[in-house]
Each structure stands twice: as C-alpha cells, then as structure tokens.
>>> print(open('query_28.tsv').read())   # TSV, C-alpha atoms and all ligand atoms
chain	number	residue	atom	x	y	z
A	1137	MET	CA	-99.39	-9.62	20.45
A	1138	ASP	CA	-97.01	-8.99	23.34
A	1139	HIS	CA	-96.25	-5.31	23.73
A	1140	SER	CA	-94.23	-5.69	26.93
A	1141	VAL	CA	-91.02	-4.74	25.14
A	1142	ASN	CA	-88.53	-2.66	27.07
A	1143	LEU	CA	-88.65	0.93	25.92
A	1144	ILE	CA	-85.52	3.01	25.52
A	1145	PRO	CA	-85.66	6.64	26.73
A	1146	PHE	CA	-86.51	9.26	24.10
A	1147	LEU	CA	-83.46	10.28	22.02
A	1148	GLY	CA	-81.48	7.48	23.68
A	1149	MET	CA	-80.32	10.04	26.25
A	1150	PRO	CA	-80.02	9.52	30.01
A	1151	LEU	CA	-83.12	10.70	31.86
A	1152	PRO	CA	-82.89	14.08	33.60
A	1153	PRO	CA	-83.74	14.32	37.31
A	1154	ALA	CA	-87.54	14.45	37.69
A	1155	GLU	CA	-87.32	17.67	39.73
A	1156	THR	CA	-85.80	19.63	36.86
A	1157	ALA	CA	-87.55	17.93	33.92
A	1158	ARG	CA	-89.94	20.17	31.99
A	1159	ALA	CA	-91.76	17.51	30.00
A	1160	ALA	CA	-92.75	13.87	30.44
A	1161	LEU	CA	-93.38	11.41	27.62
A	1162	ILE	CA	-95.98	8.77	28.41
A	1163	PRO	CA	-96.01	5.74	26.08
A	1164	VAL	CA	-99.45	4.16	25.60
A	1165	PRO	CA	-99.21	1.18	23.22
A	1166	LEU	CA	-102.97	0.96	22.73
A	1167	GLU	CA	-104.36	-1.15	19.91
A	1168	LYS	CA	-107.99	-2.06	20.48
A	1169	SER	CA	-110.50	-0.22	18.29
A	1170	VAL	CA	-108.38	-0.36	15.14
A	1171	SER	CA	-110.65	-0.42	12.10
A	1172	TYR	CA	-108.28	-1.28	9.23
A	1173	GLY	CA	-104.54	-1.97	9.50
A	1174	GLY	CA	-103.17	-2.93	12.93
A	1175	GLY	CA	-99.82	-2.32	14.57
A	1176	THR	CA	-100.29	0.79	16.74
A	1177	GLY	CA	-99.37	-1.35	19.77
A	1178	LEU	CA	-95.78	-1.15	18.58
A	1179	GLY	CA	-95.94	2.61	17.91
A	1180	PRO	CA	-94.21	3.78	21.10
A	1181	ALA	CA	-91.43	1.20	20.81
A	1182	GLY	CA	-90.84	2.06	17.14
A	1183	LEU	CA	-90.81	5.80	17.77
A	1184	LEU	CA	-88.51	5.56	20.78
A	1185	MET	CA	-86.07	3.23	18.99
A	1186	ALA	CA	-85.90	5.60	16.02
A	1187	SER	CA	-85.54	8.64	18.30
A	1188	ALA	CA	-82.03	7.52	19.23
A	1189	GLN	CA	-81.02	8.60	15.68
A	1190	VAL	CA	-82.63	12.06	15.87
A	1191	GLU	CA	-80.21	14.99	15.96
A	1192	LEU	CA	-80.37	16.74	19.34
A	1193	TYR	CA	-80.09	20.19	17.77
A	1194	ASP	CA	-83.25	21.36	16.01
A	1195	GLU	CA	-82.22	23.67	13.18
A	1196	LEU	CA	-85.63	25.34	12.95
A	1197	LEU	CA	-85.71	26.19	16.65
A	1198	ASP	CA	-81.96	26.85	16.86
A	1199	MET	CA	-81.75	24.98	20.14
A	1200	GLU	CA	-81.36	21.56	21.72
A	1201	PRO	CA	-84.78	20.98	23.27
A	1202	TYR	CA	-83.60	17.91	25.20
A	1203	ALA	CA	-81.57	20.21	27.45
A	1204	LEU	CA	-84.84	21.50	28.92
A	1205	GLY	CA	-85.35	18.07	30.48
A	1206	ILE	CA	-87.52	15.39	28.88
A	1207	LEU	CA	-88.51	12.34	30.92
A	1208	THR	CA	-89.65	9.06	29.36
A	1209	ARG	CA	-92.13	7.34	31.65
A	1210	PRO	CA	-92.89	3.62	31.80
A	1211	ARG	CA	-95.67	2.66	29.44
A	1212	VAL	CA	-99.29	2.78	30.58
A	1213	PRO	CA	-100.72	-0.77	30.85
A	1214	VAL	CA	-103.20	-1.39	28.04
A	1215	ARG	CA	-104.57	-4.85	28.82
A	1216	GLY	CA	-107.85	-3.66	30.35
A	1217	ALA	CA	-111.02	-2.40	28.68
A	1218	LEU	CA	-110.78	0.85	26.70
A	1219	GLU	CA	-112.46	2.83	29.49
A	1220	GLU	CA	-109.89	1.50	32.00
A	1221	VAL	CA	-106.97	2.40	29.74
A	1222	VAL	CA	-108.34	5.91	29.24
A	1223	ASP	CA	-108.64	6.23	33.05
A	1224	LEU	CA	-105.01	5.17	33.46
A	1225	VAL	CA	-103.90	7.71	30.86
A	1226	GLU	CA	-105.87	10.40	32.67
A	1227	GLU	CA	-104.12	9.50	35.96
A	1228	ALA	CA	-100.68	9.51	34.35
A	1229	VAL	CA	-101.29	12.90	32.72
A	1230	ALA	CA	-102.77	14.38	35.91
A	1231	ALA	CA	-99.61	13.40	37.80
A	1232	GLU	CA	-97.40	15.30	35.33
A	1233	LEU	CA	-99.70	18.34	35.40
A	1234	ALA	CA	-99.58	18.36	39.21
A	1235	ALA	CA	-95.78	18.43	38.99
A	1236	GLY	CA	-95.84	21.28	36.47
A	1237	ARG	CA	-94.51	19.20	33.60
A	1238	LEU	CA	-95.73	19.24	30.01
A	1239	PRO	CA	-97.42	15.87	29.36
A	1240	ALA	CA	-96.87	14.23	25.97
A	1241	LEU	CA	-98.46	10.91	25.04
A	1242	ILE	CA	-96.89	8.49	22.58
A	1243	GLY	CA	-99.66	6.30	21.11
A	1244	GLY	CA	-101.05	3.94	20.36
A	1245	GLU	CA	-104.34	4.63	18.74
A	1246	HIS	CA	-105.97	8.04	18.89
A	1247	THR	CA	-108.29	7.08	21.76
A	1248	VAL	CA	-105.46	7.82	24.22
A	1249	THR	CA	-106.02	11.54	23.63
A	1250	VAL	CA	-109.33	11.36	25.53
A	1251	GLY	CA	-107.50	10.56	28.78
A	1252	ALA	CA	-105.19	13.54	28.41
A	1253	LEU	CA	-108.04	15.92	27.60
A	1254	ARG	CA	-110.07	14.73	30.61
A	1255	ALA	CA	-107.10	15.34	32.93
A	1256	LEU	CA	-106.54	18.82	31.49
A	1257	VAL	CA	-110.21	19.80	31.71
A	1258	LYS	CA	-110.29	18.69	35.37
A	1259	GLU	CA	-107.16	20.68	36.13
A	1260	ARG	CA	-107.86	23.91	34.27
A	1261	GLY	CA	-111.35	23.80	32.74
A	1262	PRO	CA	-112.24	23.64	29.04
A	1263	ASP	CA	-110.88	27.03	27.96
A	1264	PHE	CA	-108.34	25.71	25.51
A	1265	THR	CA	-108.32	24.57	21.89
A	1266	VAL	CA	-107.42	21.14	20.59
A	1267	LEU	CA	-105.33	21.59	17.45
A	1268	VAL	CA	-105.42	18.33	15.58
A	1269	LEU	CA	-103.33	17.16	12.66
A	1270	ASP	CA	-105.29	14.31	11.12
A	1271	ALA	CA	-106.52	12.97	7.79
A	1272	HIS	CA	-109.80	12.18	9.54
A	1273	LEU	CA	-112.24	14.33	11.49
A	1274	ASP	CA	-112.85	11.63	14.17
A	1275	LEU	CA	-116.21	13.26	14.92
A	1276	ARG	CA	-118.42	10.17	14.92
A	1277	ASP	CA	-120.58	9.80	18.01
A	1278	GLU	CA	-119.77	6.12	18.02
A	1279	TYR	CA	-118.09	3.69	15.67
A	1280	GLU	CA	-118.98	0.01	15.54
A	1281	GLY	CA	-120.97	0.65	18.71
A	1282	ASN	CA	-117.95	2.09	20.52
A	1283	PRO	CA	-117.95	5.74	21.70
A	1284	LEU	CA	-114.24	5.44	22.62
A	1285	SER	CA	-113.19	4.30	19.15
A	1286	HIS	CA	-110.29	6.17	17.58
A	1287	ALA	CA	-112.89	7.44	15.06
A	1288	CYS	CA	-114.75	9.34	17.82
A	1289	VAL	CA	-111.93	11.14	19.64
A	1290	MET	CA	-112.71	14.71	18.58
A	1291	ARG	CA	-116.41	14.17	19.25
A	1292	ARG	CA	-115.44	13.31	22.83
A	1293	ALA	CA	-113.32	16.50	22.90
A	1294	LEU	CA	-116.42	18.50	21.88
A	1295	ASP	CA	-118.39	16.71	24.63
A	1296	LEU	CA	-115.80	18.02	27.11
A	1297	GLY	CA	-116.63	21.56	25.98
A	1298	LEU	CA	-113.37	22.04	24.09
A	1299	ALA	CA	-112.82	23.93	20.85
A	1300	VAL	CA	-111.37	21.72	18.11
A	1301	ARG	CA	-109.48	22.87	15.03
A	1302	HIS	CA	-108.36	20.31	12.43
A	1303	VAL	CA	-105.67	20.59	9.81
A	1304	GLY	CA	-104.89	18.14	7.00
A	1305	SER	CA	-108.44	16.73	6.84
A	1306	ARG	CA	-109.32	14.65	3.79
A	1307	SER	CA	-111.71	11.92	4.90
A	1308	CYS	CA	-115.02	12.02	6.76
A	1309	SER	CA	-118.59	10.72	6.73
A	1310	ALA	CA	-121.71	12.63	5.65
A	1311	GLU	CA	-122.81	12.71	9.30
A	1312	GLU	CA	-119.49	14.22	10.37
A	1313	MET	CA	-119.81	16.86	7.64
A	1314	ALA	CA	-123.33	17.68	8.86
A	1315	LEU	CA	-121.94	18.19	12.37
A	1316	VAL	CA	-119.16	20.43	11.02
A	1317	ARG	CA	-121.84	22.63	9.41
A	1318	GLU	CA	-124.17	22.54	12.40
A	1319	LEU	CA	-121.45	23.56	14.89
A	1320	GLY	CA	-119.57	25.87	12.51
A	1321	LEU	CA	-116.33	23.93	12.93
A	1322	LYS	CA	-113.50	25.01	10.64
A	1323	PRO	CA	-111.45	22.00	9.57
A	1324	LEU	CA	-108.65	23.01	7.24
A	1325	TRP	CA	-108.69	20.48	4.42
A	1326	ALA	CA	-105.41	19.09	3.13
A	1327	ARG	CA	-106.40	20.31	-0.33
A	1328	GLN	CA	-106.59	23.88	0.99
A	1329	VAL	CA	-103.11	23.50	2.47
A	1330	HIS	CA	-101.82	22.50	-0.96
A	1331	LYS	CA	-103.77	25.09	-2.98
A	1332	ASP	CA	-104.44	28.15	-0.83
A	1333	PRO	CA	-101.45	30.43	-0.12
A	1334	GLU	CA	-103.28	31.79	2.93
A	1335	TRP	CA	-103.90	28.38	4.49
A	1336	LEU	CA	-101.71	29.02	7.51
A	1337	ASP	CA	-103.64	32.12	8.59
A	1338	LYS	CA	-106.90	30.30	8.03
A	1339	ALA	CA	-105.76	27.28	10.04
A	1340	LEU	CA	-105.26	29.43	13.13
A	1341	GLN	CA	-107.74	32.26	12.63
A	1342	GLY	CA	-109.78	33.17	15.68
A	1343	LEU	CA	-107.97	30.80	18.01
A	1344	ARG	CA	-108.25	31.79	21.61
A	1345	GLY	CA	-106.43	30.59	24.67
A	1346	PRO	CA	-103.86	27.85	25.12
A	1347	VAL	CA	-103.64	24.87	22.79
A	1348	TYR	CA	-103.35	21.12	23.04
A	1349	LEU	CA	-101.58	19.51	20.06
A	1350	SER	CA	-102.92	16.16	18.90
A	1351	LEU	CA	-100.74	14.81	16.10
A	1352	ASP	CA	-102.17	11.85	14.22
A	1353	VAL	CA	-99.32	10.76	11.97
A	1354	ASP	CA	-101.80	10.05	9.15
A	1355	GLY	CA	-102.12	13.83	8.73
A	1356	LEU	CA	-98.77	13.54	6.95
A	1357	ASP	CA	-98.74	12.21	3.40
A	1358	PRO	CA	-98.36	8.43	3.19
A	1359	ALA	CA	-95.31	9.01	0.93
A	1360	ILE	CA	-93.41	9.97	4.10
A	1361	MET	CA	-95.70	8.25	6.61
A	1362	PRO	CA	-96.89	4.90	5.23
A	1363	ALA	CA	-96.85	3.23	8.66
A	1364	THR	CA	-100.32	4.03	9.90
A	1365	GLY	CA	-103.59	2.12	10.17
A	1366	THR	CA	-105.70	4.18	7.78
A	1367	PRO	CA	-103.41	5.94	5.28
A	1368	GLU	CA	-105.08	8.52	3.02
A	1369	PRO	CA	-103.65	10.11	-0.15
A	1370	GLY	CA	-103.06	13.85	-0.38
A	1371	GLY	CA	-101.52	14.49	3.04
A	1372	LEU	CA	-99.28	17.26	4.31
A	1373	ASP	CA	-95.56	17.35	3.76
A	1374	TRP	CA	-92.91	17.83	6.43
A	1375	ASP	CA	-92.44	21.58	5.98
A	1376	GLN	CA	-96.17	22.28	5.93
A	1377	VAL	CA	-96.55	20.53	9.28
A	1378	SER	CA	-93.51	22.34	10.68
A	1379	ASP	CA	-94.90	25.71	9.53
A	1380	TRP	CA	-98.24	24.91	11.16
A	1381	LEU	CA	-96.60	23.89	14.44
A	1382	LEU	CA	-94.36	26.94	14.45
A	1383	ALA	CA	-97.30	29.29	13.90
A	1384	ALA	CA	-99.56	27.42	16.32
A	1385	CYS	CA	-97.07	27.56	19.18
A	1386	ARG	CA	-95.93	31.15	18.64
A	1387	GLY	CA	-97.09	33.20	21.63
A	1388	ARG	CA	-99.39	30.45	22.88
A	1389	GLU	CA	-99.16	28.17	25.86
A	1390	VAL	CA	-99.15	24.50	24.89
A	1391	VAL	CA	-100.88	22.60	27.68
A	1392	GLY	CA	-100.15	19.12	26.40
A	1393	LEU	CA	-99.58	17.08	23.28
A	1394	ASP	CA	-99.70	13.64	21.78
A	1395	ILE	CA	-98.51	11.75	18.74
A	1396	VAL	CA	-100.69	8.81	17.77
A	1397	GLU	CA	-101.49	6.11	15.20
A	1398	LEU	CA	-97.93	5.13	14.28
A	1399	ALA	CA	-98.01	1.46	13.26
A	1400	PRO	CA	-94.41	0.56	12.42
A	1401	LEU	CA	-93.75	-1.42	9.26
A	1402	PRO	CA	-91.10	-4.15	9.54
A	1403	GLY	CA	-87.88	-3.13	7.81
A	1404	GLN	CA	-89.02	0.44	7.13
A	1405	ALA	CA	-87.41	3.08	9.32
A	1406	LEU	CA	-88.76	6.20	7.54
A	1407	SER	CA	-92.09	6.46	9.36
A	1408	ASP	CA	-90.73	5.76	12.84
A	1409	PHE	CA	-87.95	8.30	12.36
A	1410	THR	CA	-90.34	10.91	10.93
A	1411	ALA	CA	-92.67	10.42	13.91
A	1412	ALA	CA	-89.75	10.77	16.33
A	1413	ARG	CA	-88.63	14.00	14.67
A	1414	LEU	CA	-92.17	15.35	14.65
A	1415	LEU	CA	-92.54	14.68	18.35
A	1416	TYR	CA	-89.16	16.26	19.11
A	1417	ARG	CA	-90.01	19.39	17.09
A	1418	ALA	CA	-93.43	19.78	18.70
A	1419	LEU	CA	-91.93	19.29	22.16
A	1420	GLY	CA	-89.20	21.81	21.41
A	1421	LEU	CA	-91.68	24.43	20.24
A	1422	ALA	CA	-93.96	23.83	23.21
A	1423	LEU	CA	-91.12	23.97	25.76
A	1424	LYS	CA	-89.53	27.01	24.13
A	1425	GLU	CA	-92.79	28.91	24.46
A	1426	ARG	CA	-93.12	27.90	28.12
A	1427	ALA	CA	-89.51	28.90	28.89
B	1	MN	MN	-106.56	9.73	11.58
>>> encode(input="query_28.tsv", output="structure tokens", more="lines below")
Ligand SMILES: [Mn+2]
Amino acid sequence: MDHSVNLIPFLGMPLPPAETARAALIPVPLEKSVSYGGGTGLGPAGLLMASAQVELYDELLDMEPYALGILTRPRVPVRGALEEVVDLVEEAVAAELAAGRLPALIGGEHTVTVGALRALVKERGPDFTVLVLDAHLDLRDEYEGNPLSHACVMRRALDLGLAVRHVGSRSCSAEEMALVRELGLKPLWARQVHKDPEWLDKALQGLRGPVYLSLDVDGLDPAIMPATGTPEPGGLDWDQVSDWLLAACRGREVVGLDIVELAPLPGQALSDFTAARLLYRALGLALKERA
C-alpha cells in the first residue's frame, strides 16, 4: 500500500512559525506488526483530513488550543525495518524536545510509542508515568517472535524503567496477567470504569511525577471507534475518556503524547473525526497545563 499521500496540517489551519509553536505533531503511518485488521498506515491521513472539521474552540477547556501554536511535521518514513522506524521516531521526538515543544505522535500502530519514550528517557530520565488508554495491556515480552510488536509496547516501557498505568483494559493473556500481579501494576479495567463510581480516583491514585499520554483508540468503545485493528467490546465512552484526561492533566506536566491504532474505514467518518477530537482535547489539556 502506498502511504505517501500528502498530509494536510492539523485542523486545516496555517502552520504557526516554528519559533512560537508550543507543540509539534509527528505523523508516523506505521503498519508492520499488525495482528488482525490492517489499515493503520492510513491513520495519520484519516485523522488529519477529519481534523479540518473539528471546532477550534474546545468547550470543556473554554479555549482555542490551536492559538498556542501547533505544528504538523512531515511524516516519518516507515519503509525500513521496525527498529529503524523506531529510531527515526526517536530522532524526530528528540528534535522537538530540544526545541522545548510538546511532541505528539499520530500513528500508525502502537509500536511508534517506543521511539517517543526512548527520546524522553534520554532527555530527562525515567521519572515519569506512561498513562495509557487501551483495550489491551500490550505487556507481552514478544509477539510472533517480535519484541517491537504493537502487543509489546508497554513491556518495552517497563524495560525503560517507566511506571505504566492503564485505563480501559479488557483483553490480555494469562502471562500478561501474571506479570501484572508480579509487578503490582494497577490496570483500571473498562468494567470498573462502567461499574465503580470511584474509578477516576483509582485510575490516578499514587501517580507521581509528569505523565506521558498514550492513547490507543481501541480504548474507546467500538460503537464510536470501529476503525481499529483489534476492536474489543465494552470500551469507554467519550465523556469517560474526557474525564480521565482532564483529571490526569490537572496539575501535572505532560511530557509527550500519542494517538495510535486508527485504521480508517472507507466511507465512515465517525472514527477519524473522534480520533481528531481526542487528539485536539489531549493537546489542549497538555498545553494549558504547560502555559
Ligand atoms: Mn490496543
């Protein structure tokens, strides 16, 4: 599949001058270790196209986050081996960090997150927490012989010495569950979000330090997010995710973020638009807290 489509800037707005921009979006149309449905290679293009329809004013934040300056970078080349692509992502993120900008990846499959986390750990050390919205734990040591599979991303985060906190979980292997128990990880299951009125406190209890937000769109319910490679029933709804983001970002530095695993469906705008809004809201919250 040819992913060399021209990408429009986020929100369809003119790019701000790099010197004043506070955030940089980095498209990474990666589609290599996909295990079920394909299509993540078109994720960035789908999200960016849909973003032109997103309202610039965010009613929850009571502001227009785009005014803080959001760059859209050229896409990271994804033709090489997975390890090469992850290296290129790391370089691209490191460049934004060096310039003091918030880096935000647009995937592509979840593997892209590894590049961002490596860049951040090199720049500031591992004293931050990866907050991950995801139906899956992604804690396998390897999957189909591949340690950089999308199914292993949070295991690689643990290898980097990072704390990881999941929300919206509802699918994992027995081995992953054993690791959760062994390490005392605290994934917040989607079922808890739906049933436990104190889920929000529990999702963020004991968090220390800055956060990195990794948003796998399959954390959302497939009713509003069908366009993803491995959809799972019982996901979070829009307001639950917004509440989680709002609480997660309040009073915390957000060191970076990504949105991954969007696999656009032909003729179906809902998922692409929802992903674009989710990215815009997360960016707005992160930038507001940095302002
Ligand atoms: Mn997932």
>>> atom_distance(input="query_28.tsv", atom1="CA of Val1229 in chain A", atom2="CA of Gly1182 in chain A")
21.7 Å
>>> closest_atom_pairs(input="query_28.tsv", of="range 1274-1314 of chain A", to="range 1340-1345 of chain A", cutoff="12 Å", atoms="only C-alpha atoms", output="JSON lines")
{"residue": "A:Leu1298", "atom": "CA", "partner": "A:Gly1345", "partner_atom": "CA", "distance": 11.0}
{"residue": "A:Ala1299", "atom": "CA", "partner": "A:Leu1343", "partner_atom": "CA", "distance": 8.9}
{"residue": "A:Val1300", "atom": "CA", "partner": "A:Leu1343", "partner_atom": "CA", "distance": 9.7}
{"residue": "A:Arg1301", "atom": "CA", "partner": "A:Leu1340", "partner_atom": "CA", "distance": 8.0}
{"residue": "A:His1302", "atom": "CA", "partner": "A:Leu1340", "partner_atom": "CA", "distance": 9.7}
{"residue": "A:Val1303", "atom": "CA", "partner": "A:Leu1340", "partner_atom": "CA", "distance": 9.5}
>>> write_last_selection(input="query_28.tsv", atoms="C-alpha atoms", output="short mmCIF file (atom, residue, chain, number, x, y, z; two decimals), in the coordinates of the input")
data_model
loop_
_atom_site.label_atom_id
_atom_site.label_comp_id
_atom_site.auth_asym_id
_atom_site.auth_seq_id
_atom_site.Cartn_x
_atom_site.Cartn_y
_atom_site.Cartn_z
CA LEU A 1298 -113.37 22.04 24.09
CA ALA A 1299 -112.82 23.93 20.85
CA VAL A 1300 -111.37 21.72 18.11
CA ARG A 1301 -109.48 22.87 15.03
CA HIS A 1302 -108.36 20.31 12.43
CA VAL A 1303 -105.67 20.59 9.81
#
>>> residues_near_point(input="query_28.tsv", point="(-88.5, 12.2, 13.9)", cutoff="10 Å", atoms="only C-alpha atoms", output="PyMOL selection string")
chain A and resi 1147+1183-1184+1186-1191+1406-1417
>>> closest_residue(input="query_28.tsv", among="A:Asp1373, A:Asp1270, A:Glu1278, A:Glu1311", to="ligand MN 1 (chain B)", atoms="all atoms listed in the file")
A:Asp1270
>>> closest_residue(input="query_28.tsv", among="A:Gly1403, A:Pro1180, A:Gly1387, A:Pro1153", to="Glu1425 in chain A", atoms="all atoms listed in the file")
A:Gly1387
>>> closest_atom_pairs(input="query_28.tsv", of="chain A", to="ligand MN 1 (chain B)", cutoff="6 Å", atoms="all atoms listed in the file", output="Markdown table")
| residue | atom | partner | partner_atom | distance |
| --- | --- | --- | --- | --- |
| A:Asp1270 | CA | B:MN1 | MN | 4.8 |
| A:Ala1271 | CA | B:MN1 | MN | 5.0 |
| A:His1272 | CA | B:MN1 | MN | 4.5 |
| A:Asp1352 | CA | B:MN1 | MN | 5.5 |
| A:Asp1354 | CA | B:MN1 | MN | 5.4 |
>>> closest_atom_pairs(input="query_28.tsv", of="range 1273-1351 of chain A", to="range 1358-1372 of chain A", cutoff="8 Å", atoms="all atoms listed in the file", output="Markdown table")
| residue | atom | partner | partner_atom | distance |
| --- | --- | --- | --- | --- |
| A:Gly1304 | CA | A:Leu1372 | CA | 6.3 |
| A:Arg1306 | CA | A:Glu1368 | CA | 7.5 |
| A:Ser1307 | CA | A:Glu1368 | CA | 7.7 |
| A:Ala1326 | CA | A:Gly1371 | CA | 6.0 |
| A:Arg1327 | CA | A:Gly1370 | CA | 7.3 |
| A:Val1329 | CA | A:Leu1372 | CA | 7.5 |
| A:His1330 | CA | A:Leu1372 | CA | 7.9 |
>>> atom_distance(input="query_28.tsv", atom1="CA of Leu1401 in chain A", atom2="CA of Leu1241 in chain A")
20.6 Å
>>> residues_around(input="query_28.tsv", residues="Lys1424 in chain A", least_positions_apart="5", cutoff="10 Å", atoms="all atoms listed in the file", output="PyMOL selection string")
chain A and resi 1197+1199+1201+1204+1385-1386+1389-1390+1418-1419
>>> atom_distance(input="query_28.tsv", atom1="CA of Met1313 in chain A", atom2="CA of Asp1274 in chain A")
10.9 Å
>>> residues_around(input="query_28.tsv", residues="Ala1157 in chain A", least_positions_apart="4", cutoff="12 Å", atoms="all atoms listed in the file", output="count of residues only")
21
>>> residues_around(input="query_28.tsv", residues="Val1391 in chain A", least_positions_apart="5", cutoff="10 Å", atoms="all atoms listed in the file", output="list in words")
Leu1233, Arg1237, Leu1238, Pro1239, Ala1240, Leu1253, Leu1256, Arg1260, Phe1264, Thr1265, Val1266, Pro1346, Val1347, Tyr1348, Leu1349, Ala1422 and Arg1426 of chain A
>>> closest_residue(input="query_28.tsv", among="A:Ser1305, A:Val1289, A:Glu1334, A:Tyr1193", to="Leu1356 in chain A", atoms="all atoms listed in the file")
A:Ser1305
>>> residues_near_point(input="query_28.tsv", point="(-118.8, 5.9, 18.3)", cutoff="12 Å", atoms="only C-alpha atoms", output="PyMOL selection string")
chain A and resi 1169+1247+1274-1292+1311-1312
>>> closest_residue(input="query_28.tsv", among="A:Leu1398, A:Leu1218, A:Gly1261, A:Leu1382", to="Gly1420 in chain A", atoms="only C-alpha atoms")
A:Leu1382
>>> closest_residue(input="query_28.tsv", among="A:Thr1176, A:Thr1156, A:Ser1350, A:Gln1328", to="Gly1243 in chain A", atoms="all atoms listed in the file")
A:Thr1176
>>> closest_residue(input="query_28.tsv", among="A:Leu1269, A:Ala1234, A:Val1225, A:Val1353", to="Arg1254 in chain A", atoms="only C-alpha atoms")
A:Val1225
